[in-house]
>>> print(open('final.txt').read())   # compact mmCIF, C-alpha atoms
# COMPACT_ATOMS: atom_id res chain seq x y z
CA MET Q 26 87.72 79.28 54.54
CA LYS Q 27 86.18 79.56 58.00
CA GLN Q 28 88.78 77.11 59.35
CA THR Q 29 91.63 79.12 57.82
CA PHE Q 30 90.26 82.35 59.31
CA CYS Q 31 89.99 80.77 62.77
CA LEU Q 32 93.55 79.45 62.57
CA MET Q 33 94.88 82.86 61.53
CA LEU Q 34 92.94 84.53 64.33
CA MET Q 35 94.33 82.08 66.89
CA LEU Q 36 97.86 82.66 65.58
CA LEU Q 37 97.49 86.42 65.86
CA LEU Q 38 96.13 86.12 69.39
CA ALA Q 39 99.01 83.83 70.36
CA ILE Q 40 101.57 86.28 68.94
CA GLY Q 41 99.85 89.08 70.84
CA CYS Q 42 100.05 87.11 74.09
CA VAL Q 43 103.75 86.36 73.56
CA ASN Q 44 104.47 90.02 72.83
CA THR Q 45 102.57 91.06 75.95
CA LEU Q 46 104.57 88.60 78.03
CA PHE Q 47 108.02 89.30 76.66
CA ALA Q 48 107.80 92.95 75.64
CA GLN Q 49 106.47 94.32 78.88
CA THR Q 50 107.56 97.74 80.00
CA LEU Q 51 108.86 97.60 83.55
CA MET Q 52 106.31 98.90 86.01
CA SER Q 53 106.76 100.58 89.37
CA ASP Q 54 105.20 99.28 92.55
CA GLU Q 55 104.81 100.93 95.93
CA PHE Q 56 103.62 97.58 97.39
CA ASP Q 57 100.40 99.12 98.66
CA GLY Q 58 98.38 95.89 98.64
CA THR Q 59 97.76 93.37 101.40
CA GLY Q 60 98.41 89.68 101.91
CA GLN Q 61 100.01 87.72 99.06
CA THR Q 62 98.45 89.46 96.09
CA LEU Q 63 101.05 91.27 94.01
CA LYS Q 64 100.11 93.30 90.94
CA SER Q 65 99.69 91.19 87.82
CA PHE Q 66 102.99 92.21 86.21
CA TRP Q 67 104.98 90.39 88.94
CA GLN Q 68 106.03 86.77 88.98
CA VAL Q 69 107.50 85.04 92.04
CA LYS Q 70 110.10 82.28 91.96
CA ASP Q 71 110.24 79.81 94.88
CA SER Q 72 107.73 81.80 96.92
CA GLU Q 73 107.24 78.91 99.35
CA LYS Q 74 110.87 79.03 100.49
CA SER Q 75 110.68 82.54 101.95
CA PRO Q 76 107.28 83.48 103.40
CA TRP Q 77 106.29 87.00 102.32
CA GLU Q 78 103.40 89.44 102.48
CA LEU Q 79 102.34 92.93 101.54
CA LYS Q 80 101.78 94.98 104.67
CA ASP Q 81 101.39 98.72 105.27
CA GLY Q 82 102.79 99.64 101.86
CA LEU Q 83 105.76 97.28 102.15
CA LEU Q 84 106.83 93.93 100.73
CA VAL Q 85 108.12 91.93 103.72
CA ALA Q 86 109.96 88.62 103.23
CA GLU Q 87 111.30 86.21 105.84
CA ALA Q 88 114.28 84.65 104.07
CA GLY Q 89 114.50 80.88 103.92
CA PHE Q 90 117.60 78.69 104.23
CA ASP Q 91 119.73 77.26 101.40
CA GLN Q 92 118.98 80.19 99.12
CA ASN Q 93 121.72 82.04 97.27
CA LEU Q 94 122.51 83.95 94.07
CA TRP Q 95 126.04 82.89 93.20
CA GLY Q 96 126.78 79.60 91.42
CA ASP Q 97 123.04 79.11 90.92
CA ASP Q 98 119.89 81.07 91.62
CA THR Q 99 118.11 79.41 94.52
CA THR Q 100 116.62 82.61 95.96
CA THR Q 101 113.03 83.70 96.33
CA ARG Q 102 112.86 86.21 93.51
CA PHE Q 103 110.16 88.76 92.61
CA TYR Q 104 110.51 89.74 88.96
CA GLN Q 105 108.99 91.30 85.86
CA ILE Q 106 109.70 90.14 82.29
CA THR Q 107 110.95 92.70 79.78
CA ASP Q 108 112.93 93.18 76.59
CA GLN Q 109 113.65 96.88 77.17
CA ASP Q 110 117.07 97.91 75.83
CA GLU Q 111 117.26 100.74 78.35
CA PHE Q 112 115.99 101.12 81.88
CA ASP Q 113 117.08 102.70 85.15
CA ILE Q 114 115.61 101.00 88.23
CA GLU Q 115 115.94 101.38 91.97
CA THR Q 116 114.70 99.75 95.14
CA SER Q 117 114.80 100.70 98.80
CA MET Q 118 115.06 97.98 101.42
CA VAL Q 119 115.74 97.43 105.10
CA VAL Q 120 117.65 94.22 105.82
CA ASP Q 121 117.50 92.85 109.36
CA TYR Q 122 119.82 89.86 109.64
CA ALA Q 123 121.98 87.99 112.15
CA ASP Q 124 124.34 85.03 112.45
CA ALA Q 125 124.28 83.78 108.85
CA CYS Q 126 125.32 84.28 105.26
CA THR Q 127 122.48 86.19 103.61
CA VAL Q 128 121.72 87.84 100.26
CA ALA Q 129 119.21 90.48 99.21
CA GLY Q 130 119.24 92.86 96.29
CA ILE Q 131 118.28 93.81 92.77
CA VAL Q 132 118.93 91.64 89.71
CA VAL Q 133 118.74 91.55 85.91
CA TYR Q 134 118.51 87.85 85.00
CA SER Q 135 118.68 86.10 81.62
CA ALA Q 136 117.68 82.44 81.56
CA THR Q 137 118.91 81.98 77.96
CA THR Q 138 122.41 83.47 78.24
CA LYS Q 139 125.39 81.15 78.76
CA ASP Q 140 127.76 82.15 81.57
CA SER Q 141 131.58 81.91 81.51
CA GLN Q 142 131.34 78.21 82.37
CA ASP Q 143 128.85 77.48 79.56
CA ARG Q 144 125.91 77.11 81.95
CA ASP Q 145 122.42 78.32 81.10
CA GLY Q 146 121.56 81.46 83.05
CA GLU Q 147 123.51 84.67 83.58
CA TRP Q 148 122.79 87.89 85.46
CA VAL Q 149 123.92 91.25 86.74
CA THR Q 150 123.15 91.82 90.40
CA LEU Q 151 123.78 94.43 93.05
CA LYS Q 152 123.32 92.90 96.48
CA LEU Q 153 123.90 93.25 100.18
CA TRP Q 154 125.79 90.16 101.35
CA GLY Q 155 125.32 89.63 105.05
CA ARG Q 156 128.09 87.54 106.59
CA GLY Q 157 128.12 85.32 109.65
CA ALA Q 158 130.46 84.78 112.59
CA ALA Q 159 133.29 83.42 110.43
CA GLN Q 160 133.51 86.88 108.83
CA ASN Q 161 132.78 88.97 111.91
CA ASN Q 162 129.00 89.27 111.47
CA ASN Q 163 129.09 92.19 109.06
CA ALA Q 164 127.83 92.94 105.57
CA VAL Q 165 129.39 94.07 102.29
CA LEU Q 166 128.03 95.36 98.99
CA GLN Q 167 128.66 93.20 95.92
CA TYR Q 168 128.17 93.87 92.21
CA GLN Q 169 128.38 90.60 90.29
CA ARG Q 170 127.49 88.35 87.42
CA ARG Q 171 127.13 84.60 87.91
CA GLN Q 172 129.85 83.28 90.24
CA ASN Q 173 132.12 86.18 89.32
CA ASP Q 174 133.05 89.54 90.80
CA ALA Q 175 136.26 90.15 88.84
CA ALA Q 176 136.97 93.75 87.83
CA PRO Q 177 135.16 95.89 86.84
CA TYR Q 178 132.60 94.04 88.97
CA VAL Q 179 132.88 94.77 92.69
CA GLY Q 180 133.11 92.15 95.44
CA THR Q 181 133.51 94.55 98.34
CA GLN Q 182 132.60 98.22 98.10
CA ALA Q 183 135.24 100.39 99.73
CA ASP Q 184 134.36 102.05 103.06
CA TYR Q 185 131.05 100.18 103.42
CA ASN Q 186 130.96 97.45 106.05
CA PRO Q 187 127.87 97.69 108.30
CA GLU Q 188 127.46 95.44 111.33
CA GLN Q 189 124.74 92.80 111.33
CA GLY Q 190 121.34 93.97 112.51
CA VAL Q 191 119.08 96.54 110.84
CA ILE Q 192 120.64 97.86 107.61
CA PRO Q 193 118.71 100.35 105.42
CA ILE Q 194 120.04 100.65 101.85
CA GLU Q 195 118.95 101.78 98.39
CA LEU Q 196 120.18 100.04 95.24
CA ARG Q 197 120.12 101.13 91.61
CA ILE Q 198 121.01 99.54 88.25
CA LYS Q 199 120.88 101.27 84.86
CA ARG Q 200 120.88 99.40 81.55
CA GLU Q 201 121.89 100.87 78.19
CA GLY Q 202 122.12 97.96 75.76
CA ASP Q 203 124.90 95.69 77.02
CA GLU Q 204 126.19 98.27 79.51
CA TYR Q 205 125.11 98.20 83.16
CA GLU Q 206 125.93 100.79 85.79
CA SER Q 207 125.17 100.65 89.50
CA TRP Q 208 124.92 102.91 92.53
CA PHE Q 209 123.80 102.64 96.16
CA LYS Q 210 122.82 104.84 99.08
CA PRO Q 211 124.22 103.80 102.45
CA ASN Q 212 121.54 104.16 105.14
CA ALA Q 213 119.06 104.76 102.29
CA GLU Q 214 119.78 108.49 102.27
CA GLY Q 215 122.04 111.13 100.77
CA ASP Q 216 123.66 111.06 97.33
CA TRP Q 217 124.00 108.04 95.08
CA VAL Q 218 127.42 106.44 95.50
CA SER Q 219 128.90 104.94 92.33
CA VAL Q 220 129.72 101.22 92.41
CA SER Q 221 130.84 100.22 88.90
CA LYS Q 222 130.06 100.16 85.18
CA VAL Q 223 130.24 96.81 83.36
CA THR Q 224 129.46 95.17 80.03
CA ASN Q 225 127.40 92.00 79.86
CA ALA Q 226 125.57 90.76 76.76
CA LEU Q 227 122.41 89.36 78.34
CA GLN Q 228 119.91 87.85 75.91
CA GLU Q 229 116.28 88.84 76.20
CA PRO Q 230 113.76 88.31 77.63
CA LEU Q 231 115.10 89.56 80.95
CA GLU Q 232 113.72 88.88 84.40
CA VAL Q 233 114.20 92.07 86.40
CA GLY Q 234 113.45 92.40 90.08
CA ILE Q 235 114.44 91.80 93.70
CA TYR Q 236 115.27 88.75 95.80
CA VAL Q 237 116.11 87.33 99.24
CA GLY Q 238 117.76 84.26 100.74
CA ILE Q 239 119.89 82.79 103.54
CA CYS Q 240 122.79 81.13 101.75
CA GLU Q 241 123.48 78.35 104.24
CA GLY Q 242 121.62 75.47 105.82
CA GLU Q 243 119.12 75.72 108.65
CA GLY Q 244 120.60 77.07 111.86
CA PRO Q 245 120.54 80.11 114.15
CA GLY Q 246 120.66 82.60 111.29
CA ARG Q 247 117.74 84.82 110.33
CA MET Q 248 116.87 87.59 107.88
CA THR Q 249 113.84 89.77 107.27
CA VAL Q 250 113.89 92.07 104.25
CA THR Q 251 111.42 94.93 103.91
CA PHE Q 252 111.15 96.48 100.43
CA ASP Q 253 109.64 99.96 100.29
CA TYR Q 254 109.28 100.15 96.50
CA PHE Q 255 110.57 99.03 93.11
CA ARG Q 256 110.53 101.77 90.47
CA GLU Q 257 112.16 103.75 87.73
CA ALA Q 258 114.93 105.93 89.13
CA SER Q 259 113.40 109.35 89.62
CA SER Q 260 116.51 111.53 89.86
CA PRO Q 261 119.96 111.85 88.28
CA ALA Q 262 122.60 109.51 89.67
CA THR Q 263 124.64 112.36 91.14
CA PRO Q 264 123.85 114.45 92.99
CA VAL Q 265 120.45 113.54 94.36
CA ASP Q 266 118.44 114.77 97.32
CA PRO Q 267 115.89 112.20 98.58
CA ARG Q 268 113.52 115.07 99.45
CA ASP Q 269 113.28 115.81 95.71
CA ARG Q 270 112.07 112.36 94.65
CA LEU Q 271 109.14 112.55 92.25
CA ALA Q 272 105.83 111.19 93.41
CA VAL Q 273 105.00 110.05 89.84
CA THR Q 274 105.04 106.26 89.44
CA TRP Q 275 105.61 104.22 86.30
CA GLY Q 276 101.97 103.24 86.43
CA GLU Q 277 101.05 106.90 85.91
CA LEU Q 278 103.47 107.18 83.01
CA LYS Q 279 102.19 104.00 81.35
CA ARG Q 280 98.70 102.87 82.30
CA TYR Q 281 98.17 99.16 82.81
>>> encode(input="final.txt", output="structure tokens")
Amino acid sequence: MKQTFCLMLMLLLAIGCVNTLFAQTLMSDEFDGTGQTLKSFWQVKDSEKSPWELKDGLLVAEAGFDQNLWGDDTTTRFYQITDQDEFDIETSMVVDYADACTVAGIVVYSATTKDSQDRDGEWVTLKLWGRGAAQNNNAVLQYQRRQNDAAPYVGTQADYNPEQGVIPIELRIKREGDEYESWFKPNAEGDWVSVSKVTNALQEPLEVGIYVGICEGEGPGRMTVTFDYFREASSPATPVDPRDRLAVTWGELKRY
């Protein structure tokens, strides 16, 4: 009897741990720590490839080489695990890059979903793609799933083509079931600009977060990405005035 009780208790505890891991509500973060100690709800993939730190309320990452989010995910990725059917998330970042192909952005990743080529792993991402000398050293905004930007996904956002150097930008993705919608703010200010609305049946659990990488081999290229925050979108998609952003964080809405 005592053995049976202990086994049942262990099973219940194990189920509780799994539910905690895979049913987590996405949490906001203003990156107000120091060093390499993120809050416990974050996980980091390939952290050794792109040195990073928390400094002065920012998450700062020096992107490493041979890191991309296209045919495969080889980026340094900061993510939370969730099974939420609906969420609306945003991040603000400053990308400083030169002389290389680079990627940085926001992603909803499913390790258990097959892509169009029957490979494990599929995602929805909104990213700034910095381009090197072969493409005139300028950046474009891309909205993609794995190795695909066919309509209604967006490979190049119209009228947005900043030169390499310091590029502030805000990114936003909203999930409602299998529907994903995205927006961005050029120069990290003003109204949200619509990118596209797509359908993608991503299986849960989902890994939701931000990432960086230089998508070519070691050379003269460089990229530093400074993330100001990751949080629930605090205003309607359109219009929005950045002065009206709420100071309330997810952590205040749901204690952890």
>>> closest_residue(input="final.txt", among="Q:Gln142, Q:Thr101, Q:Ser221, Q:Thr137", to="Leu166 (chain Q)", atoms="only C-alpha atoms")
Q:Ser221
>>> closest_residue(input="final.txt", among="Q:Glu201, Q:Glu55, Q:Glu147, Q:Asp216", to="Phe112 (chain Q)", atoms="only C-alpha atoms")
Q:Glu201
>>> atom_distance(input="final.txt", atom1="CA of Leu231 (chain Q)", atom2="CA of Ala136 (chain Q)")
7.6 Å
>>> residues_around(input="final.txt", residues="Arg144 (chain Q)", least_positions_apart="6", cutoff="12 Å", atoms="all atoms listed in the file", output="list in words")
Gly96, Asp97, Ser135, Ala136, Thr137, Thr138, Arg171 and Gln172 of chain Q
>>> atom_distance(input="final.txt", atom1="CA of Thr107 (chain Q)", atom2="CA of Met52 (chain Q)")
9.9 Å
>>> closest_residue(input="final.txt", among="Q:Val233, Q:Ala226, Q:Ala125, Q:Val218", to="Pro245 (chain Q)", atoms="all atoms listed in the file")
Q:Ala125
>>> axis_aligned_box(input="final.txt", around="region 95-113 of chain Q", padding_each_side="5 Å", output="AutoDock Vina command-line options")
--center_x 117.9 --center_y 90.9 --center_z 86.1 --size_x 27.8 --size_y 33.6 --size_z 30.5
>>> atom_distance(input="final.txt", atom1="CA of Pro177 (chain Q)", atom2="CA of Tyr104 (chain Q)")
25.5 Å
>>> closest_residue(input="final.txt", among="Q:Trp208, Q:Tyr236, Q:Tyr122, Q:Phe56", to="Leu79 (chain Q)", atoms="all atoms listed in the file")
Q:Phe56
>>> closest_residue(input="final.txt", among="Q:Leu153, Q:Ala129, Q:Ile114, Q:Ala164", to="Arg200 (chain Q)", atoms="all atoms listed in the file")
Q:Ile114
>>> closest_residue(input="final.txt", among="Q:Thr251, Q:Asp81, Q:Ala262, Q:Tyr185", to="Gly215 (chain Q)", atoms="only C-alpha atoms")
Q:Ala262
>>> residues_around(input="final.txt", residues="Glu241 (chain Q)", least_positions_apart="4", cutoff="9 Å", atoms="all atoms listed in the file", output="list in words")
Phe90, Asp91, Gln92, Asn93, Ala125, Cys126, Thr127 and Gly246 of chain Q
>>> closest_atom_pairs(input="final.txt", of="region 89-141 of chain Q", to="region 192-196 of chain Q", cutoff="12 Å", atoms="only C-alpha atoms", output="Markdown table")
| residue | atom | partner | partner_atom | distance |
| --- | --- | --- | --- | --- |
| Q:Asp113 | CA | Q:Leu196 | CA | 10.9 |
| Q:Ile114 | CA | Q:Leu196 | CA | 8.4 |
| Q:Glu115 | CA | Q:Leu196 | CA | 5.5 |
| Q:Thr116 | CA | Q:Leu196 | CA | 5.5 |
| Q:Ser117 | CA | Q:Glu195 | CA | 4.3 |
| Q:Met118 | CA | Q:Ile194 | CA | 5.7 |
| Q:Val119 | CA | Q:Pro193 | CA | 4.2 |
| Q:Val120 | CA | Q:Ile192 | CA | 5.0 |
| Q:Asp121 | CA | Q:Ile192 | CA | 6.2 |
| Q:Tyr122 | CA | Q:Ile192 | CA | 8.3 |
| Q:Ala123 | CA | Q:Ile192 | CA | 10.9 |
| Q:Ala129 | CA | Q:Leu196 | CA | 10.4 |
| Q:Gly130 | CA | Q:Leu196 | CA | 7.3 |
| Q:Ile131 | CA | Q:Leu196 | CA | 7.0 |
| Q:Val132 | CA | Q:Leu196 | CA | 10.1 |
>>> residues_near_point(input="final.txt", point="(112.3, 90.4, 96.4)", cutoff="7 Å", atoms="only C-alpha atoms", output="list in words")
Thr101, Arg102, Phe103, Gly234, Ile235, Tyr236 and Val237 of chain Q
>>> build_atoms(input="final.txt", residues="region 55-78 of chain Q", atoms="N, CA, C and O atoms", output="mmCIF file, in the coordinates of the input")
data_model
loop_
_atom_site.group_PDB
_atom_site.id
_atom_site.type_symbol
_atom_site.label_atom_id
_atom_site.label_comp_id
_atom_site.auth_asym_id
_atom_site.auth_seq_id
_atom_site.Cartn_x
_atom_site.Cartn_y
_atom_site.Cartn_z
ATOM 1 N N GLU Q 55 104.604 100.428 94.575
ATOM 2 C CA GLU Q 55 104.810 100.930 95.930
ATOM 3 C C GLU Q 55 104.357 99.904 96.971
ATOM 4 O O GLU Q 55 104.315 100.192 98.162
ATOM 5 N N PHE Q 56 104.004 98.698 96.519
ATOM 6 C CA PHE Q 56 103.620 97.580 97.390
ATOM 7 C C PHE Q 56 102.511 97.979 98.378
ATOM 8 O O PHE Q 56 102.595 97.729 99.575
ATOM 9 N N ASP Q 57 101.469 98.602 97.817
ATOM 10 C CA ASP Q 57 100.400 99.120 98.660
ATOM 11 C C ASP Q 57 99.225 98.151 98.818
ATOM 12 O O ASP Q 57 98.156 98.532 99.274
ATOM 13 N N GLY Q 58 99.440 96.870 98.452
ATOM 14 C CA GLY Q 58 98.380 95.890 98.640
ATOM 15 C C GLY Q 58 98.452 95.240 100.010
ATOM 16 O O GLY Q 58 99.119 95.722 100.927
ATOM 17 N N THR Q 59 97.733 94.126 100.155
ATOM 18 C CA THR Q 59 97.760 93.370 101.400
ATOM 19 C C THR Q 59 97.858 91.885 101.092
ATOM 20 O O THR Q 59 97.490 91.433 100.004
ATOM 21 N N GLY Q 60 98.336 91.125 102.064
ATOM 22 C CA GLY Q 60 98.410 89.680 101.910
ATOM 23 C C GLY Q 60 99.440 89.256 100.883
ATOM 24 O O GLY Q 60 100.525 89.820 100.800
ATOM 25 N N GLN Q 61 99.087 88.249 100.068
ATOM 26 C CA GLN Q 61 100.010 87.720 99.060
ATOM 27 C C GLN Q 61 99.473 87.928 97.654
ATOM 28 O O GLN Q 61 99.538 87.044 96.812
ATOM 29 N N THR Q 62 98.967 89.125 97.407
ATOM 30 C CA THR Q 62 98.450 89.460 96.090
ATOM 31 C C THR Q 62 99.252 90.615 95.506
ATOM 32 O O THR Q 62 98.978 91.781 95.790
ATOM 33 N N LEU Q 63 100.265 90.272 94.718
ATOM 34 C CA LEU Q 63 101.050 91.270 94.010
ATOM 35 C C LEU Q 63 100.312 91.710 92.753
ATOM 36 O O LEU Q 63 99.432 90.999 92.251
ATOM 37 N N LYS Q 64 100.681 92.863 92.208
ATOM 38 C CA LYS Q 64 100.110 93.300 90.940
ATOM 39 C C LYS Q 64 100.455 92.286 89.855
ATOM 40 O O LYS Q 64 101.441 91.560 89.935
ATOM 41 N N SER Q 65 99.634 92.266 88.805
ATOM 42 C CA SER Q 65 99.690 91.190 87.820
ATOM 43 C C SER Q 65 100.992 91.139 87.024
ATOM 44 O O SER Q 65 101.301 90.118 86.415
ATOM 45 N N PHE Q 66 101.750 92.223 86.997
ATOM 46 C CA PHE Q 66 102.990 92.210 86.210
ATOM 47 C C PHE Q 66 104.139 91.513 86.936
ATOM 48 O O PHE Q 66 105.216 91.352 86.380
ATOM 49 N N TRP Q 67 103.931 91.095 88.183
ATOM 50 C CA TRP Q 67 104.980 90.390 88.940
ATOM 51 C C TRP Q 67 104.841 88.888 88.779
ATOM 52 O O TRP Q 67 103.737 88.350 88.693
ATOM 53 N N GLN Q 68 105.973 88.207 88.793
ATOM 54 C CA GLN Q 68 106.030 86.770 88.980
ATOM 55 C C GLN Q 68 106.935 86.496 90.178
ATOM 56 O O GLN Q 68 107.817 87.305 90.483
ATOM 57 N N VAL Q 69 106.711 85.368 90.854
ATOM 58 C CA VAL Q 69 107.500 85.040 92.040
ATOM 59 C C VAL Q 69 108.092 83.647 91.872
ATOM 60 O O VAL Q 69 107.374 82.684 91.606
ATOM 61 N N LYS Q 70 109.394 83.559 92.040
ATOM 62 C CA LYS Q 70 110.100 82.280 91.960
ATOM 63 C C LYS Q 70 110.338 81.750 93.376
ATOM 64 O O LYS Q 70 110.813 82.477 94.238
ATOM 65 N N ASP Q 71 110.006 80.478 93.600
ATOM 66 C CA ASP Q 71 110.240 79.810 94.880
ATOM 67 C C ASP Q 71 109.624 80.590 96.048
ATOM 68 O O ASP Q 71 110.265 80.795 97.093
ATOM 69 N N SER Q 72 108.386 80.987 95.889
ATOM 70 C CA SER Q 72 107.730 81.800 96.920
ATOM 71 C C SER Q 72 107.544 81.032 98.224
ATOM 72 O O SER Q 72 107.496 81.629 99.303
ATOM 73 N N GLU Q 73 107.465 79.699 98.139
ATOM 74 C CA GLU Q 73 107.240 78.910 99.350
ATOM 75 C C GLU Q 73 108.465 78.830 100.245
ATOM 76 O O GLU Q 73 108.371 78.497 101.425
ATOM 77 N N LYS Q 74 109.636 79.151 99.706
ATOM 78 C CA LYS Q 74 110.870 79.030 100.490
ATOM 79 C C LYS Q 74 111.062 80.185 101.467
ATOM 80 O O LYS Q 74 111.697 80.027 102.513
ATOM 81 N N SER Q 75 110.559 81.345 101.098
ATOM 82 C CA SER Q 75 110.680 82.540 101.950
ATOM 83 C C SER Q 75 109.305 83.163 102.108
ATOM 84 O O SER Q 75 108.838 83.865 101.205
ATOM 85 N N PRO Q 76 108.612 82.910 103.203
ATOM 86 C CA PRO Q 76 107.280 83.480 103.400
ATOM 87 C C PRO Q 76 107.309 85.009 103.257
ATOM 88 O O PRO Q 76 108.212 85.667 103.764
ATOM 89 N N TRP Q 77 106.316 85.558 102.563
ATOM 90 C CA TRP Q 77 106.290 87.000 102.320
ATOM 91 C C TRP Q 77 104.845 87.495 102.335
ATOM 92 O O TRP Q 77 103.902 86.734 102.189
ATOM 93 N N GLU Q 78 104.719 88.807 102.509
ATOM 94 C CA GLU Q 78 103.400 89.440 102.480
ATOM 95 C C GLU Q 78 103.533 90.917 102.179
ATOM 96 O O GLU Q 78 104.602 91.516 102.362
#
